[in-house]
file model01.cif (mmCIF, C-alpha atoms)
data_work
#
loop_
_atom_site.label_atom_id
_atom_site.label_comp_id
_atom_site.auth_asym_id
_atom_site.auth_seq_id
_atom_site.Cartn_x
_atom_site.Cartn_y
_atom_site.Cartn_z
CA MET G 1 6.32 6.30 6.20
CA GLU G 2 8.64 6.74 9.19
CA PHE G 3 11.01 3.92 8.20
CA GLY G 4 14.32 5.32 6.99
CA ARG G 5 13.28 8.95 7.37
CA LEU G 6 16.06 11.45 7.96
CA PRO G 7 15.91 14.12 10.70
CA PRO G 8 14.75 17.56 9.50
CA ASP G 9 18.23 19.09 9.64
CA ALA G 10 19.86 16.35 7.54
CA ASP G 11 21.93 17.34 4.51
CA LEU G 12 20.18 15.70 1.56
CA ALA G 13 23.09 16.62 -0.70
CA ALA G 14 25.18 14.12 1.24
CA VAL G 15 22.85 11.23 0.37
CA ASP G 16 23.69 9.13 -2.67
CA PHE G 17 20.27 8.69 -4.27
CA THR G 18 21.67 6.85 -7.32
CA LEU G 19 19.52 3.84 -8.17
CA PRO G 20 21.41 0.52 -8.03
CA THR G 21 22.06 -1.43 -11.20
CA ASP G 22 19.50 -4.04 -12.13
CA ASP G 23 19.53 -7.50 -10.57
CA PRO G 24 20.94 -9.67 -13.41
CA ARG G 25 18.47 -12.44 -12.52
CA SER G 26 15.64 -10.10 -13.57
CA VAL G 27 17.08 -8.89 -16.87
CA GLY G 28 16.07 -10.21 -20.28
CA ARG G 29 12.48 -11.23 -19.66
CA GLY G 30 11.25 -9.57 -22.85
CA ALA G 31 8.28 -7.27 -23.30
CA PRO G 32 5.04 -8.08 -21.45
CA ALA G 33 1.96 -9.20 -23.36
CA HIS G 34 0.43 -5.75 -22.89
CA ALA G 35 1.60 -2.27 -21.98
CA THR G 36 2.67 -1.89 -18.36
CA ARG G 37 -0.17 -0.77 -16.10
CA PHE G 38 0.99 2.01 -13.79
CA HIS G 39 -1.05 3.00 -10.73
CA LEU G 40 0.28 6.15 -9.05
CA GLY G 41 -0.90 7.61 -5.77
CA ALA G 42 -0.23 8.46 -2.14
CA PRO G 43 -0.79 6.76 1.23
CA ALA G 44 -3.67 9.09 2.13
CA PHE G 45 -6.62 10.80 0.46
CA ALA G 46 -8.27 12.69 3.34
CA VAL G 47 -5.72 15.54 3.27
CA ARG G 48 -7.72 18.63 4.17
CA PRO G 49 -5.14 21.18 2.87
CA TRP G 50 -5.67 19.67 -0.62
CA ILE G 51 -9.22 21.09 -0.65
CA GLY G 52 -8.96 24.07 -2.96
CA PRO G 53 -5.48 23.68 -4.50
CA VAL G 54 -5.89 19.96 -5.37
CA TYR G 55 -9.52 19.01 -4.80
CA PRO G 56 -12.38 21.30 -5.84
CA ALA G 57 -13.13 24.03 -3.33
CA GLY G 58 -15.86 23.00 -0.93
CA THR G 59 -15.27 19.24 -1.32
CA ARG G 60 -17.16 17.51 1.51
CA PRO G 61 -15.38 15.00 3.77
CA ASP G 62 -17.48 12.15 2.37
CA ALA G 63 -16.43 13.09 -1.18
CA LEU G 64 -12.67 13.22 -0.61
CA LEU G 65 -11.97 9.73 -1.95
CA ALA G 66 -13.96 10.40 -5.13
CA ALA G 67 -12.00 13.66 -5.59
CA TYR G 68 -8.72 11.77 -5.08
CA ALA G 69 -9.71 9.02 -7.53
CA ALA G 70 -10.48 11.64 -10.17
CA LEU G 71 -6.78 12.58 -10.13
CA PHE G 72 -4.81 9.47 -9.17
CA ASP G 73 -5.05 5.79 -10.05
CA GLY G 74 -4.07 4.05 -6.81
CA LEU G 75 -4.05 4.33 -3.04
CA GLU G 76 -1.77 2.74 -0.46
CA LEU G 77 -4.32 1.99 2.22
CA ASN G 78 -2.41 2.34 5.49
CA SER G 79 -5.45 2.39 7.76
CA THR G 80 -5.93 -1.37 7.38
CA TYR G 81 -2.61 -1.94 9.18
CA TYR G 82 -4.14 -0.66 12.42
CA ALA G 83 -7.61 -2.21 12.19
CA VAL G 84 -9.51 -4.49 9.84
CA PRO G 85 -12.24 -2.35 8.23
CA ALA G 86 -15.85 -3.47 7.94
CA VAL G 87 -16.83 -5.02 4.63
CA THR G 88 -19.50 -2.32 4.35
CA GLN G 89 -16.79 0.35 4.57
CA VAL G 90 -14.81 -1.33 1.80
CA ALA G 91 -17.94 -1.37 -0.35
CA LYS G 92 -18.22 2.41 0.10
CA TRP G 93 -14.59 2.89 -0.89
CA VAL G 94 -15.04 0.77 -3.99
CA ALA G 95 -18.22 2.65 -4.97
CA ALA G 96 -16.34 5.97 -4.78
CA THR G 97 -13.72 4.94 -7.36
CA PRO G 98 -13.72 4.22 -11.11
CA PRO G 99 -13.03 0.72 -12.52
CA GLY G 100 -9.34 1.35 -13.27
CA PHE G 101 -8.55 2.45 -9.72
CA ARG G 102 -6.61 0.10 -7.42
CA PHE G 103 -6.35 -0.11 -3.63
CA CYS G 104 -3.23 -1.59 -2.02
CA PRO G 105 -4.36 -2.44 1.53
CA LYS G 106 -1.72 -3.09 4.14
CA VAL G 107 -1.95 -6.41 6.01
CA PRO G 108 -3.07 -5.66 9.60
CA ARG G 109 -0.40 -5.90 12.27
CA ASP G 110 -2.62 -8.32 14.22
CA VAL G 111 -2.51 -10.68 11.23
CA VAL G 112 1.28 -10.43 11.04
CA ASP G 113 1.39 -11.19 14.78
CA GLY G 114 -0.58 -14.41 14.26
CA ASP G 115 -4.17 -13.45 15.14
CA ARG G 116 -6.26 -16.05 13.26
CA GLY G 117 -9.51 -14.15 13.79
CA ALA G 118 -8.02 -11.02 12.26
CA LEU G 119 -6.76 -13.11 9.33
CA THR G 120 -10.25 -14.47 8.66
CA ALA G 121 -11.75 -10.98 8.83
CA PHE G 122 -9.07 -9.51 6.58
CA ASN G 123 -9.56 -12.22 3.98
CA ARG G 124 -13.24 -11.21 3.79
CA VAL G 125 -12.09 -7.63 3.26
CA LEU G 126 -9.74 -8.65 0.45
CA GLU G 127 -12.64 -10.36 -1.32
CA ALA G 128 -14.77 -7.23 -0.90
CA PHE G 129 -12.31 -5.13 -2.92
CA GLY G 130 -13.09 -7.24 -6.00
CA ASP G 131 -11.41 -5.92 -9.12
CA ARG G 132 -10.24 -2.80 -7.25
CA LEU G 133 -7.62 -4.85 -5.38
CA GLY G 134 -4.13 -3.90 -6.49
CA LEU G 135 -1.42 -5.56 -4.41
CA CYS G 136 -1.88 -6.56 -0.78
CA LEU G 137 1.04 -4.99 1.09
CA LEU G 138 2.65 -7.30 3.66
CA GLN G 139 5.01 -5.00 5.55
CA LEU G 140 7.60 -6.60 7.81
CA THR G 141 9.34 -4.82 10.67
CA PRO G 142 13.14 -4.42 10.76
CA ALA G 143 13.13 -7.06 13.54
CA PHE G 144 11.49 -9.66 11.26
CA SER G 145 14.60 -11.66 10.42
CA PRO G 146 15.38 -14.57 8.07
CA ALA G 147 14.90 -16.88 11.07
CA ARG G 148 11.15 -16.36 10.58
CA PHE G 149 11.17 -17.07 6.86
CA GLU G 150 9.00 -20.18 7.10
CA ALA G 151 6.39 -18.30 9.15
CA LEU G 152 6.32 -15.66 6.45
CA ARG G 153 5.77 -18.25 3.72
CA ALA G 154 2.83 -19.64 5.68
CA LEU G 155 1.34 -16.19 6.24
CA ALA G 156 1.60 -15.22 2.57
CA ALA G 157 -0.12 -18.48 1.61
CA ALA G 158 -2.88 -17.88 4.18
CA LEU G 159 -3.84 -14.54 2.62
CA GLU G 160 -6.69 -15.21 0.20
CA ALA G 161 -5.32 -13.00 -2.55
CA PRO G 162 -3.49 -15.37 -4.92
CA GLY G 163 -1.07 -13.51 -7.12
CA ARG G 164 -1.79 -10.22 -5.34
CA VAL G 165 0.51 -10.33 -2.27
CA ALA G 166 3.57 -8.04 -2.13
CA VAL G 167 6.20 -8.18 0.63
CA GLU G 168 8.27 -5.30 2.01
CA TRP G 169 11.50 -6.59 3.54
CA ARG G 170 13.33 -4.40 6.07
CA HIS G 171 15.83 -6.69 7.81
CA PRO G 172 19.27 -6.54 6.10
CA GLY G 173 19.50 -10.33 6.17
CA PHE G 174 17.05 -10.56 3.27
CA PHE G 175 19.32 -8.59 0.90
CA GLU G 176 22.63 -9.04 -0.88
CA ALA G 177 24.15 -5.95 -2.51
CA HIS G 178 20.84 -4.26 -3.40
CA THR G 179 19.22 -7.50 -4.54
CA LEU G 180 17.02 -10.03 -2.76
CA ALA G 181 18.81 -13.02 -1.25
CA PRO G 182 18.61 -16.16 -3.43
CA ARG G 183 16.10 -18.14 -1.35
CA VAL G 184 13.86 -15.08 -1.06
CA TYR G 185 14.01 -14.42 -4.80
CA ASP G 186 13.37 -18.05 -5.70
CA TRP G 187 10.41 -18.38 -3.31
CA MET G 188 8.77 -15.20 -4.63
CA ALA G 189 9.16 -16.33 -8.23
CA GLU G 190 7.73 -19.76 -7.46
CA ALA G 191 4.85 -18.54 -5.25
CA ASP G 192 3.99 -15.50 -7.42
CA VAL G 193 4.59 -13.16 -4.45
CA HIS G 194 5.67 -9.72 -5.57
CA PRO G 195 8.44 -7.42 -4.33
CA VAL G 196 8.04 -4.09 -2.59
CA VAL G 197 10.87 -1.71 -3.48
CA THR G 198 11.48 0.86 -0.74
CA ASP G 199 13.41 4.02 -1.63
CA THR G 200 14.13 5.91 1.58
CA ALA G 201 17.05 8.19 2.38
CA ALA G 202 18.39 6.70 5.61
CA ARG G 203 18.14 3.00 4.68
CA ARG G 204 19.74 2.79 1.25
CA GLU G 205 20.77 -0.83 1.86
CA VAL G 206 17.17 -2.06 1.53
CA LEU G 207 16.72 -0.42 -1.88
CA HIS G 208 16.80 -3.38 -4.26
CA THR G 209 16.29 -3.95 -7.99
CA SER G 210 15.05 -7.55 -7.94
CA ARG G 211 11.99 -8.43 -10.03
CA PRO G 212 11.21 -12.10 -9.38
CA THR G 213 7.72 -11.56 -10.84
CA ASP G 214 6.08 -9.22 -13.36
CA LYS G 215 4.51 -6.95 -10.70
CA LEU G 216 5.90 -4.67 -8.01
CA LEU G 217 5.04 -1.95 -5.52
CA LEU G 218 7.35 1.06 -5.09
CA ARG G 219 7.25 3.07 -1.85
CA PHE G 220 9.02 6.35 -2.63
CA GLN G 221 9.82 8.53 0.39
CA CYS G 222 10.35 12.22 -0.38
CA HIS G 223 11.27 15.39 1.51
CA ASN G 224 8.70 18.21 1.39
CA GLY G 225 9.17 19.07 -2.27
CA HIS G 226 12.98 19.32 -2.06
CA ALA G 227 14.72 19.42 -5.44
CA THR G 228 15.91 15.84 -4.88
CA ASP G 229 12.28 14.68 -4.90
CA PHE G 230 12.05 15.61 -8.57
CA THR G 231 15.46 14.38 -9.74
CA ARG G 232 14.70 11.04 -8.07
CA ALA G 233 11.24 10.98 -9.66
CA ALA G 234 12.83 11.43 -13.08
CA ALA G 235 15.26 8.58 -12.40
CA TRP G 236 12.42 6.30 -11.30
CA ALA G 237 10.36 7.14 -14.38
CA GLU G 238 13.26 6.08 -16.59
CA ARG G 239 13.93 2.91 -14.60
CA LEU G 240 10.27 1.85 -14.48
CA ALA G 241 9.93 2.48 -18.21
CA ALA G 242 12.99 0.29 -18.84
CA TRP G 243 11.54 -2.43 -16.63
CA GLY G 244 8.29 -2.15 -18.57
CA ARG G 245 10.18 -2.91 -21.76
CA ASP G 246 11.68 -5.91 -19.99
CA GLY G 247 8.63 -7.71 -18.68
CA LEU G 248 7.12 -5.51 -15.94
CA ALA G 249 3.36 -5.81 -16.38
CA GLU G 250 2.07 -3.87 -13.37
CA ALA G 251 3.58 -1.25 -11.04
CA HIS G 252 1.99 0.49 -8.07
CA VAL G 253 3.93 3.63 -7.11
CA PHE G 254 3.18 5.57 -3.92
CA VAL G 255 4.78 8.89 -2.99
CA HIS G 256 5.30 9.43 0.75
CA GLN G 257 5.77 12.97 2.02
CA PRO G 258 5.79 14.25 5.60
CA GLY G 259 2.13 15.07 6.19
CA ASP G 260 1.38 14.06 2.55
CA LEU G 261 1.00 17.72 1.56
CA ASP G 262 3.67 17.73 -1.13
CA ALA G 263 2.84 14.42 -2.80
CA PRO G 264 0.78 15.78 -5.76
CA PRO G 265 3.59 17.72 -7.50
CA VAL G 266 5.93 14.71 -7.31
CA LEU G 267 3.17 12.46 -8.60
CA ALA G 268 2.73 14.89 -11.48
CA ALA G 269 6.45 14.67 -12.24
CA LEU G 270 6.30 10.87 -12.18
CA ALA G 271 3.26 10.80 -14.45
CA ARG G 272 4.88 13.13 -16.96
CA GLY G 273 8.07 11.08 -16.89
CA LEU G 274 6.25 7.80 -17.43
CA ASN G 275 4.15 9.31 -20.20
CA THR G 276 7.34 10.45 -21.93
CA CYS G 277 9.50 7.37 -21.28
CA ALA G 278 6.86 4.65 -21.42
CA GLY G 279 3.86 6.13 -23.25
CA ALA G 280 1.87 5.37 -20.09
CA GLY G 281 -1.05 7.70 -20.85
CA LEU G 282 -1.41 8.68 -17.20
CA ARG G 283 -3.50 11.59 -16.00
CA VAL G 284 -1.30 14.47 -14.85
CA PHE G 285 -2.28 16.63 -11.90
CA GLU G 286 -1.33 20.22 -12.63
CA PRO G 287 0.07 21.79 -9.44
CA PRO G 288 -1.38 25.23 -8.74
CA ALA G 289 0.57 28.45 -8.99
CA PRO G 290 1.52 29.65 -6.43
CA PRO G 291 2.58 26.27 -4.98
CA LEU G 292 0.59 24.35 -2.42
CA PRO G 293 0.40 26.10 0.98
CA ARG G 294 3.21 25.12 3.30
CA GLN G 295 2.95 23.44 6.67
CA PRO G 296 5.61 22.56 9.24
CA SER G 297 7.60 19.43 8.56
CA LEU G 298 6.26 16.34 10.29
CA PHE G 299 9.63 14.52 10.30
#

call {"tool": "encode", "arguments": {"input": "model01.cif", "output": "structure tokens"}}
result
Amino acid sequence: MEFGRLPPDADLAAVDFTLPTDDPRSVGRGAPAHATRFHLGAPAFAVRPWIGPVYPAGTRPDALLAAYAALFDGLELNSTYYAVPAVTQVAKWVAATPPGFRFCPKVPRDVVDGDRGALTAFNRVLEAFGDRLGLCLLQLTPAFSPARFEALRALAAALEAPGRVAVEWRHPGFFEAHTLAPRVYDWMAEADVHPVVTDTAARREVLHTSRPTDKLLLRFQCHNGHATDFTRAAAWAERLAAWGRDGLAEAHVFVHQPGDLDAPPVLAALARGLNTCAGAGLRVFEPPAPPLPRQPSLF
């Protein structure tokens, strides 16, 4: 995730990573009918340096997704943003994962730009995921302003994934003091369209705490295993657990790292935190000792 990423020489100690207070409109829902379902993962699974320290040594390229799904419960599928995959490819992905696993495919940019053919093809793909579909991630660019709000409503309705669409807002006009603007919040609650919460260092103004529905997707940008990655993970575990006690039924949490190399240890910290704070019962990846091999920053 390039959005909001700091340059490599930035002083992270100067960033206020404190999570905003909860949106009062979202407080007091009461406990959900069942324990919150947490799906933790990364935006990539074909990370070759993970073979050995994370995946079993000798894991073949065609077995990387199965190795990933043995450790983590969800995947932010970024590749669909650039091209609509074949339905046969989706069937292979589904076959490589267990029933509790969830994919969160990103809406293709051609669909966002109004390509009706791409929309039809992507809707077939959404159907092909079956019960492995988590939330369908509709990512808007920073240039997508409130002036295009009606077009967005139409696009969300055109996606054949009722109750499974999540929107990531990036233009400041959609926010008010770390909450979603009233007409955005009200539309999402009415249409059962879910929020994406984006926690990134250089764009703190888009970090919001609005929960117009009982589901959300958290995109959590980190910094190569810096100490702040883990203090922030602990804060998110506590906040997500509190939201779970107040009506959050489903959360998809994806850790973004430069090059994705350092995602597993932060995911382990999140899983431990959620197990402690929320009794989530998540699998915990045990980072190897010594730590994962280093690679140059890809900032």

call {"tool": "resolve_selection", "arguments": {"input": "model01.cif", "expression": "the PyMOL selection byres ((chain G and resi 260-262) around 8)", "output": "PyMOL selection string"}}
result
chain G and resi 42-44+47+49-50+224-225+256-259+263-266+292+294-295

call {"tool": "resolve_selection", "arguments": {"input": "model01.cif", "expression": "the PyMOL selection byres ((chain G and resi 209) around 12)", "output": "ChimeraX atom specification"}}
result
/G:19-27,175-181,185,195-199,204-208,210-213,216-218,236,239-240,243

call {"tool": "closest_residue", "arguments": {"input": "model01.cif", "among": "G:Ala251, G:Leu135, G:Ala189, G:Ala201", "to": "Arg232 of chain G", "atoms": "only C-alpha atoms"}}
result
G:Ala201

call {"tool": "residues_around", "arguments": {"input": "model01.cif", "residues": "Cys277 of chain G", "least_positions_apart": "3", "cutoff": "9 Å", "atoms": "only C-alpha atoms", "output": "VMD selection string"}}
result
chain G and resid 237 to 238 240 to 242 272 to 274 280

call {"tool": "closest_atom_pairs", "arguments": {"input": "model01.cif", "of": "segment 29-75 of chain G", "to": "segment 283-288 of chain G", "cutoff": "9 Å", "atoms": "all atoms listed in the file", "output": "CSV"}}
result
residue,atom,partner,partner_atom,distance
G:Pro53,CA,G:Pro288,CA,6.1
G:Val54,CA,G:Pro287,CA,7.4
G:Leu71,CA,G:Phe285,CA,6.3
G:Phe72,CA,G:Arg283,CA,7.3
G:Asp73,CA,G:Arg283,CA,8.5

call {"tool": "closest_residue", "arguments": {"input": "model01.cif", "among": "G:Val193, G:Ala151, G:Val107, G:Ala91", "to": "Asn123 of chain G", "atoms": "only C-alpha atoms"}}
result
G:Val107

call {"tool": "resolve_selection", "arguments": {"input": "model01.cif", "expression": "the PyMOL selection byres ((chain G and resi 111) around 12)", "output": "JSON, numbers by chain"}}
result
{"G": [80, 81, 82, 83, 84, 106, 107, 108, 109, 110, 112, 113, 114, 115, 116, 117, 118, 119, 120, 121, 122, 123, 138, 139, 140, 151, 152, 154, 155, 156, 158, 159]}

call {"tool": "residues_near_point", "arguments": {"input": "model01.cif", "point": "(-2.3, 0.9, -10.6)", "cutoff": "6 Å", "atoms": "all atoms listed in the file", "output": "mmCIF file with C-alpha atoms, in the coordinates of the input"}}
result
data_model
loop_
_atom_site.group_PDB
_atom_site.id
_atom_site.type_symbol
_atom_site.label_atom_id
_atom_site.label_comp_id
_atom_site.auth_asym_id
_atom_site.auth_seq_id
_atom_site.Cartn_x
_atom_site.Cartn_y
_atom_site.Cartn_z
ATOM 1 C CA PHE G 38 0.990 2.010 -13.790
ATOM 2 C CA HIS G 39 -1.050 3.000 -10.730
ATOM 3 C CA ASP G 73 -5.050 5.790 -10.050
ATOM 4 C CA GLY G 74 -4.070 4.050 -6.810
ATOM 5 C CA ARG G 102 -6.610 0.100 -7.420
ATOM 6 C CA HIS G 252 1.990 0.490 -8.070
#

call {"tool": "build_atoms", "arguments": {"input": "model01.cif", "residues": "segment 222-254 of chain G", "atoms": "N, CA and C atoms", "output": "PDB file, in the coordinates of the input"}}
result
ATOM      1  N   CYS G 222       9.818  10.935   0.071  1.00  0.00           N
ATOM      2  CA  CYS G 222      10.350  12.220  -0.380  1.00  0.00           C
ATOM      3  C   CYS G 222      10.505  13.193   0.790  1.00  0.00           C
ATOM      4  N   HIS G 223      10.858  14.444   0.476  1.00  0.00           N
ATOM      5  CA  HIS G 223      11.270  15.390   1.510  1.00  0.00           C
ATOM      6  C   HIS G 223      10.684  16.785   1.261  1.00  0.00           C
ATOM      7  N   ASN G 224       9.367  16.906   1.410  1.00  0.00           N
ATOM      8  CA  ASN G 224       8.700  18.210   1.390  1.00  0.00           C
ATOM      9  C   ASN G 224       8.929  19.006   0.111  1.00  0.00           C
ATOM     10  N   GLY G 225       9.002  18.342  -1.025  1.00  0.00           N
ATOM     11  CA  GLY G 225       9.170  19.070  -2.270  1.00  0.00           C
ATOM     12  C   GLY G 225      10.584  19.550  -2.527  1.00  0.00           C
ATOM     13  N   HIS G 226      11.568  18.993  -1.820  1.00  0.00           N
ATOM     14  CA  HIS G 226      12.980  19.320  -2.060  1.00  0.00           C
ATOM     15  C   HIS G 226      13.332  18.973  -3.508  1.00  0.00           C
ATOM     16  N   ALA G 227      14.326  19.662  -4.045  1.00  0.00           N
ATOM     17  CA  ALA G 227      14.720  19.420  -5.440  1.00  0.00           C
ATOM     18  C   ALA G 227      15.049  17.957  -5.701  1.00  0.00           C
ATOM     19  N   THR G 228      15.580  17.249  -4.687  1.00  0.00           N
ATOM     20  CA  THR G 228      15.910  15.840  -4.880  1.00  0.00           C
ATOM     21  C   THR G 228      14.665  14.985  -5.122  1.00  0.00           C
ATOM     22  N   ASP G 229      13.506  15.432  -4.630  1.00  0.00           N
ATOM     23  CA  ASP G 229      12.280  14.680  -4.900  1.00  0.00           C
ATOM     24  C   ASP G 229      12.063  14.523  -6.401  1.00  0.00           C
ATOM     25  N   PHE G 230      12.363  15.584  -7.142  1.00  0.00           N
ATOM     26  CA  PHE G 230      12.050  15.610  -8.570  1.00  0.00           C
ATOM     27  C   PHE G 230      13.147  14.953  -9.414  1.00  0.00           C
ATOM     28  N   THR G 231      14.410  15.095  -9.008  1.00  0.00           N
ATOM     29  CA  THR G 231      15.460  14.380  -9.740  1.00  0.00           C
ATOM     30  C   THR G 231      15.311  12.871  -9.531  1.00  0.00           C
ATOM     31  N   ARG G 232      14.929  12.469  -8.328  1.00  0.00           N
ATOM     32  CA  ARG G 232      14.700  11.040  -8.070  1.00  0.00           C
ATOM     33  C   ARG G 232      13.471  10.542  -8.827  1.00  0.00           C
ATOM     34  N   ALA G 233      12.427  11.372  -8.904  1.00  0.00           N
ATOM     35  CA  ALA G 233      11.240  10.980  -9.660  1.00  0.00           C
ATOM     36  C   ALA G 233      11.585  10.748 -11.127  1.00  0.00           C
ATOM     37  N   ALA G 234      12.426  11.602 -11.686  1.00  0.00           N
ATOM     38  CA  ALA G 234      12.830  11.430 -13.080  1.00  0.00           C
ATOM     39  C   ALA G 234      13.609  10.134 -13.266  1.00  0.00           C
ATOM     40  N   ALA G 235      14.495   9.825 -12.306  1.00  0.00           N
ATOM     41  CA  ALA G 235      15.260   8.580 -12.400  1.00  0.00           C
ATOM     42  C   ALA G 235      14.353   7.364 -12.302  1.00  0.00           C
ATOM     43  N   TRP G 236      13.342   7.431 -11.431  1.00  0.00           N
ATOM     44  CA  TRP G 236      12.420   6.300 -11.300  1.00  0.00           C
ATOM     45  C   TRP G 236      11.557   6.143 -12.546  1.00  0.00           C
ATOM     46  N   ALA G 237      11.148   7.243 -13.148  1.00  0.00           N
ATOM     47  CA  ALA G 237      10.360   7.140 -14.380  1.00  0.00           C
ATOM     48  C   ALA G 237      11.151   6.406 -15.456  1.00  0.00           C
ATOM     49  N   GLU G 238      12.424   6.745 -15.588  1.00  0.00           N
ATOM     50  CA  GLU G 238      13.260   6.080 -16.590  1.00  0.00           C
ATOM     51  C   GLU G 238      13.454   4.606 -16.261  1.00  0.00           C
ATOM     52  N   ARG G 239      13.692   4.299 -14.972  1.00  0.00           N
ATOM     53  CA  ARG G 239      13.930   2.910 -14.600  1.00  0.00           C
ATOM     54  C   ARG G 239      12.657   2.061 -14.765  1.00  0.00           C
ATOM     55  N   LEU G 240      11.527   2.602 -14.332  1.00  0.00           N
ATOM     56  CA  LEU G 240      10.270   1.850 -14.480  1.00  0.00           C
ATOM     57  C   LEU G 240       9.921   1.637 -15.943  1.00  0.00           C
ATOM     58  N   ALA G 241      10.184   2.644 -16.775  1.00  0.00           N
ATOM     59  CA  ALA G 241       9.930   2.480 -18.210  1.00  0.00           C
ATOM     60  C   ALA G 241      10.813   1.374 -18.784  1.00  0.00           C
ATOM     61  N   ALA G 242      12.086   1.345 -18.364  1.00  0.00           N
ATOM     62  CA  ALA G 242      12.990   0.290 -18.840  1.00  0.00           C
ATOM     63  C   ALA G 242      12.515  -1.074 -18.370  1.00  0.00           C
ATOM     64  N   TRP G 243      12.068  -1.159 -17.124  1.00  0.00           N
ATOM     65  CA  TRP G 243      11.540  -2.430 -16.630  1.00  0.00           C
ATOM     66  C   TRP G 243      10.280  -2.832 -17.386  1.00  0.00           C
ATOM     67  N   GLY G 244       9.475  -1.848 -17.770  1.00  0.00           N
ATOM     68  CA  GLY G 244       8.290  -2.150 -18.570  1.00  0.00           C
ATOM     69  C   GLY G 244       8.637  -2.771 -19.905  1.00  0.00           C
ATOM     70  N   ARG G 245       9.734  -2.325 -20.492  1.00  0.00           N
ATOM     71  CA  ARG G 245      10.180  -2.910 -21.760  1.00  0.00           C
ATOM     72  C   ARG G 245      10.794  -4.286 -21.565  1.00  0.00           C
ATOM     73  N   ASP G 246      11.024  -4.650 -20.299  1.00  0.00           N
ATOM     74  CA  ASP G 246      11.680  -5.910 -19.990  1.00  0.00           C
ATOM     75  C   ASP G 246      10.811  -6.789 -19.075  1.00  0.00           C
ATOM     76  N   GLY G 247       9.493  -6.742 -19.324  1.00  0.00           N
ATOM     77  CA  GLY G 247       8.630  -7.710 -18.680  1.00  0.00           C
ATOM     78  C   GLY G 247       7.770  -7.235 -17.528  1.00  0.00           C
ATOM     79  N   LEU G 248       7.955  -5.999 -17.040  1.00  0.00           N
ATOM     80  CA  LEU G 248       7.120  -5.510 -15.940  1.00  0.00           C
ATOM     81  C   LEU G 248       5.720  -5.232 -16.454  1.00  0.00           C
ATOM     82  N   ALA G 249       4.739  -5.945 -15.915  1.00  0.00           N
ATOM     83  CA  ALA G 249       3.360  -5.810 -16.380  1.00  0.00           C
ATOM     84  C   ALA G 249       2.546  -4.838 -15.547  1.00  0.00           C
ATOM     85  N   GLU G 250       2.906  -4.679 -14.267  1.00  0.00           N
ATOM     86  CA  GLU G 250       2.070  -3.870 -13.370  1.00  0.00           C
ATOM     87  C   GLU G 250       2.941  -3.255 -12.283  1.00  0.00           C
ATOM     88  N   ALA G 251       2.816  -1.943 -12.079  1.00  0.00           N
ATOM     89  CA  ALA G 251       3.580  -1.250 -11.040  1.00  0.00           C
ATOM     90  C   ALA G 251       2.671  -0.312 -10.278  1.00  0.00           C
ATOM     91  N   HIS G 252       2.737  -0.400  -8.954  1.00  0.00           N
ATOM     92  CA  HIS G 252       1.990   0.490  -8.070  1.00  0.00           C
ATOM     93  C   HIS G 252       3.028   1.380  -7.387  1.00  0.00           C
ATOM     94  N   VAL G 253       2.916   2.690  -7.566  1.00  0.00           N
ATOM     95  CA  VAL G 253       3.930   3.630  -7.110  1.00  0.00           C
ATOM     96  C   VAL G 253       3.270   4.627  -6.161  1.00  0.00           C
ATOM     97  N   PHE G 254       3.777   4.697  -4.917  1.00  0.00           N
ATOM     98  CA  PHE G 254       3.180   5.570  -3.920  1.00  0.00           C
ATOM     99  C   PHE G 254       4.221   6.535  -3.369  1.00  0.00           C
TER     100      PHE G 254
END
